[in-house]
Amino acid sequence: MFSVLITNEQSKYQLDTERIELAVNQIVKEAGIVTGDVSVAVVDDRTIHELNIQYLNHDYPTDVISFLLEREDEHLEGEIIVSVDTAAELAQDYGWDWNNEFLLYVIHGCLHLVGYDDKNPAAKAVMQEAERRHLLMFGIEHRLDPAE
């Protein structure tokens, strides 16, 4: 059995927890995962900034951090931490709803957990195509980065 655990540690924005859970379940199912847990923590910029310093030695807030705790065959244990503040702020820059930006971060973090990477241009292109595919399952067209 696979489960998604969502923790909302902010109070500014109303979350669609069903959509978060569905996105994670879609990705892990596609990756052949049948057992395990993924926790999704929704936080503010201050909290994700602190975590980014503590765990990644990056002194700035970020959009999403994922931690793969265990992956073996069809089993996955992982954590996704998402900044709702960053989603709301950047959604304005891209001219779309913050919920879409937020969902993109959840999808991005979960794709990392199942093995996608964005460290080089070829891997990043594959990952962005997976993001597009998963957003389309919600009827959402992927926004383009300014550099694209």
# chains A, B, ... in the order shown; residues from 1 in each chain; ligands from 1
$ select_by_dssp --residues "stretch 91-139 of chain A" --states "helix (DSSP H, G or I)" --output "ChimeraX atom specification"
/A:91-94,98-113,121-136
$ residues_around --residues "A:Ala87" --least-positions-apart "5" --cutoff "6 Å" --atoms "only C-alpha atoms" --output "list of chain:residue names"
A:Trp98, A:Glu101, A:Phe102
$ residues_around --residues "A:Leu76" --least-positions-apart "5" --cutoff "10 Å" --atoms "only C-alpha atoms" --output "PDB file with C-alpha atoms, in the first residue's frame"
ATOM      1  CA  PHE A   2       1.160   3.526  -0.833  1.00  0.00           C
ATOM      2  CA  VAL A  28       4.536   7.071  -8.262  1.00  0.00           C
ATOM      3  CA  GLY A  32       5.894   1.421 -10.768  1.00  0.00           C
ATOM      4  CA  ILE A  33       5.812   2.236  -7.049  1.00  0.00           C
ATOM      5  CA  VAL A  34       3.215   0.234  -5.100  1.00  0.00           C
ATOM      6  CA  THR A  35       4.295   0.571  -1.459  1.00  0.00           C
ATOM      7  CA  GLY A  36       5.675   3.315   0.723  1.00  0.00           C
ATOM      8  CA  ASP A  37       4.944   6.841   1.844  1.00  0.00           C
ATOM      9  CA  VAL A  38       5.591  10.304   0.516  1.00  0.00           C
ATOM     10  CA  LEU A  68      14.630  10.476  -1.024  1.00  0.00           C
ATOM     11  CA  LEU A  69      14.713   8.381   2.131  1.00  0.00           C
ATOM     12  CA  GLU A  70      14.418   4.916   0.590  1.00  0.00           C
ATOM     13  CA  ARG A  71      13.871   3.483  -2.877  1.00  0.00           C
ATOM     14  CA  LEU A 113      11.919  11.157  -5.797  1.00  0.00           C
ATOM     15  CA  VAL A 114      11.191   8.647  -8.568  1.00  0.00           C
TER      16      VAL A 114
END
$ closest_residue --among "A:Arg19, A:Gly78, A:Tyr55, A:Lys119" --to "A:Leu104" --atoms "only C-alpha atoms"
A:Arg19
$ select_by_dssp --residues "stretch 41-124 of chain A" --states "strand (DSSP E or B)" --output "list in words"
Ala41, Val42, Val43, Val64, Ile65, Ser66, Phe67, Leu68, Leu69, Glu70, Arg71, Glu72, His75, Leu76, Glu77, Gly78, Glu79, Ile80, Ile81, Val82 and Ser83 of chain A
$ write_last_selection --atoms "N, CA and C atoms" --output "compact mmCIF listing (two decimals), in the first residue's frame"
# COMPACT_ATOMS: atom_id res chain seq x y z
N ALA A 41 5.10 18.52 2.81
CA ALA A 41 4.97 19.59 3.79
C ALA A 41 4.86 20.91 3.05
N VAL A 42 3.80 21.64 3.34
CA VAL A 42 3.58 22.95 2.72
C VAL A 42 4.01 24.00 3.74
N VAL A 43 4.99 24.81 3.35
CA VAL A 43 5.60 25.76 4.28
C VAL A 43 5.68 27.15 3.65
N VAL A 64 10.99 24.22 -3.98
CA VAL A 64 10.70 22.87 -3.50
C VAL A 64 12.01 22.14 -3.17
N ILE A 65 11.97 21.34 -2.13
CA ILE A 65 13.09 20.48 -1.76
C ILE A 65 12.51 19.07 -1.61
N SER A 66 13.21 18.10 -2.14
CA SER A 66 12.75 16.71 -1.94
C SER A 66 13.89 15.89 -1.36
N PHE A 67 13.51 14.97 -0.50
CA PHE A 67 14.46 14.07 0.14
C PHE A 67 14.03 12.63 -0.12
N LEU A 68 14.87 11.89 -0.82
CA LEU A 68 14.63 10.48 -1.02
C LEU A 68 15.18 9.74 0.18
N LEU A 69 14.31 9.10 0.93
CA LEU A 69 14.71 8.38 2.13
C LEU A 69 15.01 6.92 1.84
N GLU A 70 14.21 6.32 0.94
CA GLU A 70 14.42 4.92 0.59
C GLU A 70 13.75 4.63 -0.74
N ARG A 71 14.45 3.91 -1.61
CA ARG A 71 13.87 3.48 -2.88
C ARG A 71 14.42 2.09 -3.18
N GLU A 72 13.53 1.15 -3.26
CA GLU A 72 13.92 -0.21 -3.57
C GLU A 72 12.81 -0.85 -4.40
N HIS A 75 9.12 0.09 -3.97
CA HIS A 75 8.91 0.75 -2.69
C HIS A 75 9.62 2.11 -2.67
N LEU A 76 8.94 3.12 -2.11
CA LEU A 76 9.48 4.47 -2.04
C LEU A 76 9.11 5.13 -0.73
N GLU A 77 10.10 5.75 -0.10
CA GLU A 77 9.88 6.61 1.06
C GLU A 77 10.55 7.94 0.74
N GLY A 78 9.78 9.03 0.86
CA GLY A 78 10.38 10.32 0.55
C GLY A 78 9.60 11.47 1.14
N GLU A 79 10.22 12.63 1.07
CA GLU A 79 9.63 13.86 1.58
C GLU A 79 9.74 14.95 0.52
N ILE A 80 8.67 15.73 0.41
CA ILE A 80 8.65 16.90 -0.47
C ILE A 80 8.26 18.08 0.40
N ILE A 81 9.04 19.15 0.33
CA ILE A 81 8.75 20.37 1.08
C ILE A 81 8.57 21.48 0.05
N VAL A 82 7.41 22.14 0.10
CA VAL A 82 7.06 23.12 -0.93
C VAL A 82 6.76 24.47 -0.28
N SER A 83 7.30 25.53 -0.87
CA SER A 83 7.01 26.88 -0.39
C SER A 83 5.82 27.47 -1.13
$ residues_around --residues "A:Ile20" --least-positions-apart "5" --cutoff "9 Å" --atoms "only C-alpha atoms" --output "list of chain:residue names"
A:Val4, A:Ile6, A:Leu15, A:Asn25, A:Val40, A:Leu103, A:Val106, A:Ile107
$ decode --residues "stretch 9-125 of chain A" --atoms "C-alpha atoms" --output "PDB file, in the first residue's frame"
ATOM      1  CA  GLU A   9       2.372  24.478   8.025  1.00  0.00           C
ATOM      2  CA  GLN A  10       1.107  27.795   6.646  1.00  0.00           C
ATOM      3  CA  SER A  11      -2.198  29.645   6.926  1.00  0.00           C
ATOM      4  CA  LYS A  12      -2.143  32.230   4.106  1.00  0.00           C
ATOM      5  CA  TYR A  13      -3.453  30.025   1.308  1.00  0.00           C
ATOM      6  CA  GLN A  14      -6.223  27.448   0.989  1.00  0.00           C
ATOM      7  CA  LEU A  15      -4.793  24.165  -0.336  1.00  0.00           C
ATOM      8  CA  ASP A  16      -6.388  21.601  -2.607  1.00  0.00           C
ATOM      9  CA  THR A  17      -5.091  18.528  -0.781  1.00  0.00           C
ATOM     10  CA  GLU A  18      -6.931  16.131  -3.102  1.00  0.00           C
ATOM     11  CA  ARG A  19      -5.041  17.563  -6.071  1.00  0.00           C
ATOM     12  CA  ILE A  20      -1.710  17.253  -4.242  1.00  0.00           C
ATOM     13  CA  GLU A  21      -2.427  13.633  -3.350  1.00  0.00           C
ATOM     14  CA  LEU A  22      -3.609  12.786  -6.862  1.00  0.00           C
ATOM     15  CA  ALA A  23      -0.471  14.310  -8.441  1.00  0.00           C
ATOM     16  CA  VAL A  24       1.862  12.327  -6.187  1.00  0.00           C
ATOM     17  CA  ASN A  25      -0.113   9.120  -6.743  1.00  0.00           C
ATOM     18  CA  GLN A  26      -0.035   9.589 -10.546  1.00  0.00           C
ATOM     19  CA  ILE A  27       3.735   9.970 -10.564  1.00  0.00           C
ATOM     20  CA  VAL A  28       4.536   7.071  -8.262  1.00  0.00           C
ATOM     21  CA  LYS A  29       2.099   4.794 -10.099  1.00  0.00           C
ATOM     22  CA  GLU A  30       3.723   5.679 -13.438  1.00  0.00           C
ATOM     23  CA  ALA A  31       7.112   4.855 -11.860  1.00  0.00           C
ATOM     24  CA  GLY A  32       5.894   1.421 -10.768  1.00  0.00           C
ATOM     25  CA  ILE A  33       5.812   2.236  -7.049  1.00  0.00           C
ATOM     26  CA  VAL A  34       3.215   0.234  -5.100  1.00  0.00           C
ATOM     27  CA  THR A  35       4.295   0.571  -1.459  1.00  0.00           C
ATOM     28  CA  GLY A  36       5.675   3.315   0.723  1.00  0.00           C
ATOM     29  CA  ASP A  37       4.944   6.841   1.844  1.00  0.00           C
ATOM     30  CA  VAL A  38       5.591  10.304   0.516  1.00  0.00           C
ATOM     31  CA  SER A  39       5.051  13.221   2.846  1.00  0.00           C
ATOM     32  CA  VAL A  40       4.330  16.667   1.445  1.00  0.00           C
ATOM     33  CA  ALA A  41       4.969  19.588   3.791  1.00  0.00           C
ATOM     34  CA  VAL A  42       3.582  22.948   2.724  1.00  0.00           C
ATOM     35  CA  VAL A  43       5.603  25.759   4.280  1.00  0.00           C
ATOM     36  CA  ASP A  44       6.384  29.468   3.959  1.00  0.00           C
ATOM     37  CA  ASP A  45       9.555  31.023   2.536  1.00  0.00           C
ATOM     38  CA  ARG A  46      11.145  31.492   5.964  1.00  0.00           C
ATOM     39  CA  THR A  47      10.819  27.793   6.774  1.00  0.00           C
ATOM     40  CA  ILE A  48      12.070  26.525   3.415  1.00  0.00           C
ATOM     41  CA  HIS A  49      14.973  28.990   3.632  1.00  0.00           C
ATOM     42  CA  GLU A  50      15.981  27.520   7.005  1.00  0.00           C
ATOM     43  CA  LEU A  51      15.735  23.969   5.632  1.00  0.00           C
ATOM     44  CA  ASN A  52      17.725  24.919   2.530  1.00  0.00           C
ATOM     45  CA  ILE A  53      20.540  26.217   4.762  1.00  0.00           C
ATOM     46  CA  GLN A  54      20.393  23.270   7.155  1.00  0.00           C
ATOM     47  CA  TYR A  55      20.280  20.434   4.627  1.00  0.00           C
ATOM     48  CA  LEU A  56      21.679  21.804   1.367  1.00  0.00           C
ATOM     49  CA  ASN A  57      23.927  24.648   2.545  1.00  0.00           C
ATOM     50  CA  HIS A  58      22.070  27.101   0.254  1.00  0.00           C
ATOM     51  CA  ASP A  59      21.405  30.463   1.921  1.00  0.00           C
ATOM     52  CA  TYR A  60      18.173  31.416   0.136  1.00  0.00           C
ATOM     53  CA  PRO A  61      14.539  30.378  -0.024  1.00  0.00           C
ATOM     54  CA  THR A  62      13.605  27.986  -2.812  1.00  0.00           C
ATOM     55  CA  ASP A  63      10.470  26.553  -4.385  1.00  0.00           C
ATOM     56  CA  VAL A  64      10.704  22.866  -3.498  1.00  0.00           C
ATOM     57  CA  ILE A  65      13.087  20.476  -1.756  1.00  0.00           C
ATOM     58  CA  SER A  66      12.753  16.711  -1.944  1.00  0.00           C
ATOM     59  CA  PHE A  67      14.461  14.068   0.144  1.00  0.00           C
ATOM     60  CA  LEU A  68      14.630  10.476  -1.024  1.00  0.00           C
ATOM     61  CA  LEU A  69      14.713   8.381   2.131  1.00  0.00           C
ATOM     62  CA  GLU A  70      14.418   4.916   0.590  1.00  0.00           C
ATOM     63  CA  ARG A  71      13.871   3.483  -2.877  1.00  0.00           C
ATOM     64  CA  GLU A  72      13.915  -0.215  -3.573  1.00  0.00           C
ATOM     65  CA  ASP A  73      12.158  -1.758  -6.568  1.00  0.00           C
ATOM     66  CA  GLU A  74       8.454  -0.972  -6.071  1.00  0.00           C
ATOM     67  CA  HIS A  75       8.913   0.753  -2.689  1.00  0.00           C
ATOM     68  CA  LEU A  76       9.482   4.472  -2.042  1.00  0.00           C
ATOM     69  CA  GLU A  77       9.876   6.608   1.064  1.00  0.00           C
ATOM     70  CA  GLY A  78      10.375  10.321   0.554  1.00  0.00           C
ATOM     71  CA  GLU A  79       9.625  13.862   1.581  1.00  0.00           C
ATOM     72  CA  ILE A  80       8.653  16.896  -0.471  1.00  0.00           C
ATOM     73  CA  ILE A  81       8.750  20.366   1.075  1.00  0.00           C
ATOM     74  CA  VAL A  82       7.057  23.119  -0.928  1.00  0.00           C
ATOM     75  CA  SER A  83       7.010  26.885  -0.392  1.00  0.00           C
ATOM     76  CA  VAL A  84       3.552  28.276  -1.007  1.00  0.00           C
ATOM     77  CA  ASP A  85       4.970  31.826  -0.726  1.00  0.00           C
ATOM     78  CA  THR A  86       7.338  31.241  -3.643  1.00  0.00           C
ATOM     79  CA  ALA A  87       4.525  29.687  -5.681  1.00  0.00           C
ATOM     80  CA  ALA A  88       2.293  32.715  -5.098  1.00  0.00           C
ATOM     81  CA  GLU A  89       5.075  35.181  -5.901  1.00  0.00           C
ATOM     82  CA  LEU A  90       6.341  33.479  -9.060  1.00  0.00           C
ATOM     83  CA  ALA A  91       2.844  32.729 -10.349  1.00  0.00           C
ATOM     84  CA  GLN A  92       2.374  36.488 -10.725  1.00  0.00           C
ATOM     85  CA  ASP A  93       5.575  36.685 -12.798  1.00  0.00           C
ATOM     86  CA  TYR A  94       4.302  33.934 -15.096  1.00  0.00           C
ATOM     87  CA  GLY A  95       0.741  35.248 -15.241  1.00  0.00           C
ATOM     88  CA  TRP A  96      -1.030  32.158 -13.989  1.00  0.00           C
ATOM     89  CA  ASP A  97      -2.775  30.936 -10.854  1.00  0.00           C
ATOM     90  CA  TRP A  98      -0.616  30.236  -7.791  1.00  0.00           C
ATOM     91  CA  ASN A  99      -2.316  26.826  -7.472  1.00  0.00           C
ATOM     92  CA  ASN A 100      -0.830  25.827 -10.831  1.00  0.00           C
ATOM     93  CA  GLU A 101       2.650  26.987  -9.843  1.00  0.00           C
ATOM     94  CA  PHE A 102       2.305  25.169  -6.535  1.00  0.00           C
ATOM     95  CA  LEU A 103       1.183  21.958  -8.260  1.00  0.00           C
ATOM     96  CA  LEU A 104       4.170  22.235 -10.607  1.00  0.00           C
ATOM     97  CA  TYR A 105       6.467  22.288  -7.551  1.00  0.00           C
ATOM     98  CA  VAL A 106       4.780  19.220  -6.052  1.00  0.00           C
ATOM     99  CA  ILE A 107       5.138  17.396  -9.374  1.00  0.00           C
ATOM    100  CA  HIS A 108       8.768  18.511  -9.750  1.00  0.00           C
ATOM    101  CA  GLY A 109       9.668  17.336  -6.237  1.00  0.00           C
ATOM    102  CA  CYS A 110       7.949  13.991  -6.713  1.00  0.00           C
ATOM    103  CA  LEU A 111       9.640  13.436 -10.068  1.00  0.00           C
ATOM    104  CA  HIS A 112      12.975  13.845  -8.285  1.00  0.00           C
ATOM    105  CA  LEU A 113      11.919  11.157  -5.797  1.00  0.00           C
ATOM    106  CA  VAL A 114      11.191   8.647  -8.568  1.00  0.00           C
ATOM    107  CA  GLY A 115      14.517   9.275 -10.317  1.00  0.00           C
ATOM    108  CA  TYR A 116      14.210  12.288 -12.608  1.00  0.00           C
ATOM    109  CA  ASP A 117      17.036  14.803 -12.587  1.00  0.00           C
ATOM    110  CA  ASP A 118      17.596  18.290 -13.974  1.00  0.00           C
ATOM    111  CA  LYS A 119      21.361  18.637 -13.571  1.00  0.00           C
ATOM    112  CA  ASN A 120      22.125  18.864 -17.298  1.00  0.00           C
ATOM    113  CA  PRO A 121      20.166  20.178 -20.314  1.00  0.00           C
ATOM    114  CA  ALA A 122      19.165  16.742 -21.647  1.00  0.00           C
ATOM    115  CA  ALA A 123      17.940  15.486 -18.272  1.00  0.00           C
ATOM    116  CA  LYS A 124      16.170  18.795 -17.631  1.00  0.00           C
ATOM    117  CA  ALA A 125      14.301  18.498 -20.952  1.00  0.00           C
TER     118      ALA A 125
END
